[in-house]
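Note sheet for the following structure.
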Amino acid sequence: MHFQDIYTQHKNLVYNLALQYTQNKEDAEEIAQDVFIAVYDKLNTFKAQSKLQTWVYRITINKSLDFMKAKKRRKRSFFFSTIQIDDVDKNITLPDFNHPGVLLEQKEEIARIFRGINQLAERQKTVIILLKIEQKTQAETAAIMELSTKAVESLYQRAKKKLEKILK
Amino acid sequence: MDKKLDILKNIQEVEAPDQLYDKVLSRIQNRKPNIISLRWASTAVAVVMLFIALDIYAIYHINKDANQDEITAIAPVQDNQLYYE
C-alpha cells in the first residue's frame with residue numbers, strides 16, 4: 001500500500017488520538033509527524049499480523065507516551081531551575097489545554113477530567129482513552145494493546161477507582 | 001464514575017492540519033542518510049569482540065604455558081645423577 005494512501009486514510013485517527021494524550025494542537029501535530037515518519041520507515045516490516053489500523057494505533061500510542069514523558073522531563077528540569085523545591089505543587093495546572101474537539105461549554109469539566117487522566121499510569125490512561133473517547137470495544141482495545149479482554153477490563157476498573165480518588 | 005466519563009464522548013473529531021503531510025515529507029527528505037547501516041555496524045562490533053575474546057583466551061593460555069616452563073626450569077632435571085663421580 002502506498003504511503004500517501006495510508007496517510008490519507010489514517011491522518012485524522014492519528015491526529016485525534018495524539019490530541020487525547022496531549023490535549024494540545026501543537027504537540028499533537030508534532031506527534032502525528034513522528035508517527036507518520038515511523039510508519040514510513042517501518043512499512044516494509046509490517047507483516048500484516050494485525051490490521052493496518054491496529055498497527056497505526058499502536059505506533060501513535062507509543063509515540064504519544066514517549067512525547068509526554070520527554071515533555072515532563074523538560075518541564076521538570078526547567079521548573080526546578082527557576083523555583084525553590086519547597087514551592088513545588090504536584091497538582092499544578094499547566095496552561096496547555098488547547099483541545100479543539102472540546103466544546104466551549106464543556107471545556108472546564110473536560111479539562112478537569114483530563115487532569116485526572118493525565119495522572120494515571122500509562123496503560124490505565126490508554127485504556128480510558130480507547131474505551132471512553134475513541135469508543136473502542138473491549139475486544140478492539142485488547143487487540144490494540146496486545147492484552148486479553150480480561151486484562152483490559154481489570155485496567156479499566158483500576159483506572160476508574162484511581163480517577164474517583166483524584167477527582168474527589 | 002462511568003457517568004462522569006461519559007462526557008468524554010462529546011469530544012468531537014477534528015481534521016488533521018492541511019500542512020501536516022508536507023511537514024512529514026520534508027522531515028523524511030531532510031534526514032541525513034546513514035553512512036553505515038546498523039546491521040553492518042553491529043556485525044563489525046561482533047567480529048571485533050570475537051577477536052578480542054580470542055586474544056584474551058590465547059594470552060591466558062600462553063601465560064599458563066610460560067609459567068609451566070619457569071617451574072620446570074627451577075625444578076631439578078631428572079637425570080638420575082645424585083652426585084658427581
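Residues are named by chain letter and number: chains run A, B, ... in the order of the C-alpha cells, numbers start at 1 in each chain, and ligands are numbered from 1 in the order shown.
Using only C-alpha atoms, the chain A residues found within 6 Å of chain B amount to A:Asn12, A:Tyr15, A:Gln33, A:Gly101, A:Val102, A:Ile133.
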Dump of N, CA and C atoms for the selected residues, as a compact mmCIF listing (two decimals), in the first residue's frame:
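This is the output file out.txt:
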```
# COMPACT_ATOMS: atom_id res chain seq x y z
N ASN A 12 -6.49 11.58 10.34
CA ASN A 12 -7.38 12.09 11.39
C ASN A 12 -7.34 11.19 12.62
N TYR A 15 -4.01 12.07 14.40
CA TYR A 15 -4.02 13.42 14.99
C TYR A 15 -4.96 13.48 16.19
N GLN A 33 3.46 13.88 13.17
CA GLN A 33 4.60 13.82 12.24
C GLN A 33 5.50 12.63 12.59
N GLY A 101 -11.30 19.79 19.89
CA GLY A 101 -12.51 18.97 19.77
C GLY A 101 -13.48 19.13 20.94
N VAL A 102 -13.09 19.97 21.89
CA VAL A 102 -13.92 20.15 23.10
C VAL A 102 -14.77 21.40 22.95
N ILE A 133 -13.10 7.62 24.96
CA ILE A 133 -13.04 8.72 23.99
C ILE A 133 -13.07 8.17 22.56
```
Non-local contacts of Phe36 in chain A (12 Å; only C-alpha atoms; under 3 positions in same chain excluded) as a PyMOL selection string: (chain A and resi 3-15+29-33+39-43+55-57+59-60+63) or (chain B and resi 20-28)
Looking only at helix (DSSP H, G or I) from DSSP on the backbone, list the matching residues of chain A as a PyMOL selection string. chain A and resi 3-22+25-45+52-82+85-87+104-117+122-133+138-145+149-166
Excluding Asp66 in chain A and residues on its chain fewer than 4 positions from it, collect all residues at most 12 Å away from it, counting only C-alpha atoms, and give them as a ChimeraX atom specification. /A:18,21-22,27,30-31,34-35,59-62,70-73,122
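With only C-alpha atoms as the atoms that count, the minimum distance from Arg112 in chain A to the choices A:Ala48, A:Leu167, A:Ala38, A:Ile128 is reached by A:Leu167.
CA of Lys75 in chain A lies 18.5 Å from CA of Phe114 in chain A.
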Hey, which of A:Arg74, A:His99, A:His2, A:Lys132 ends up closest to Asn24 in chain A? Count only C-alpha atoms. A:His99
A straight line from CA of Leu54 in chain B to CA of Arg39 in chain B spans 22.7 Å
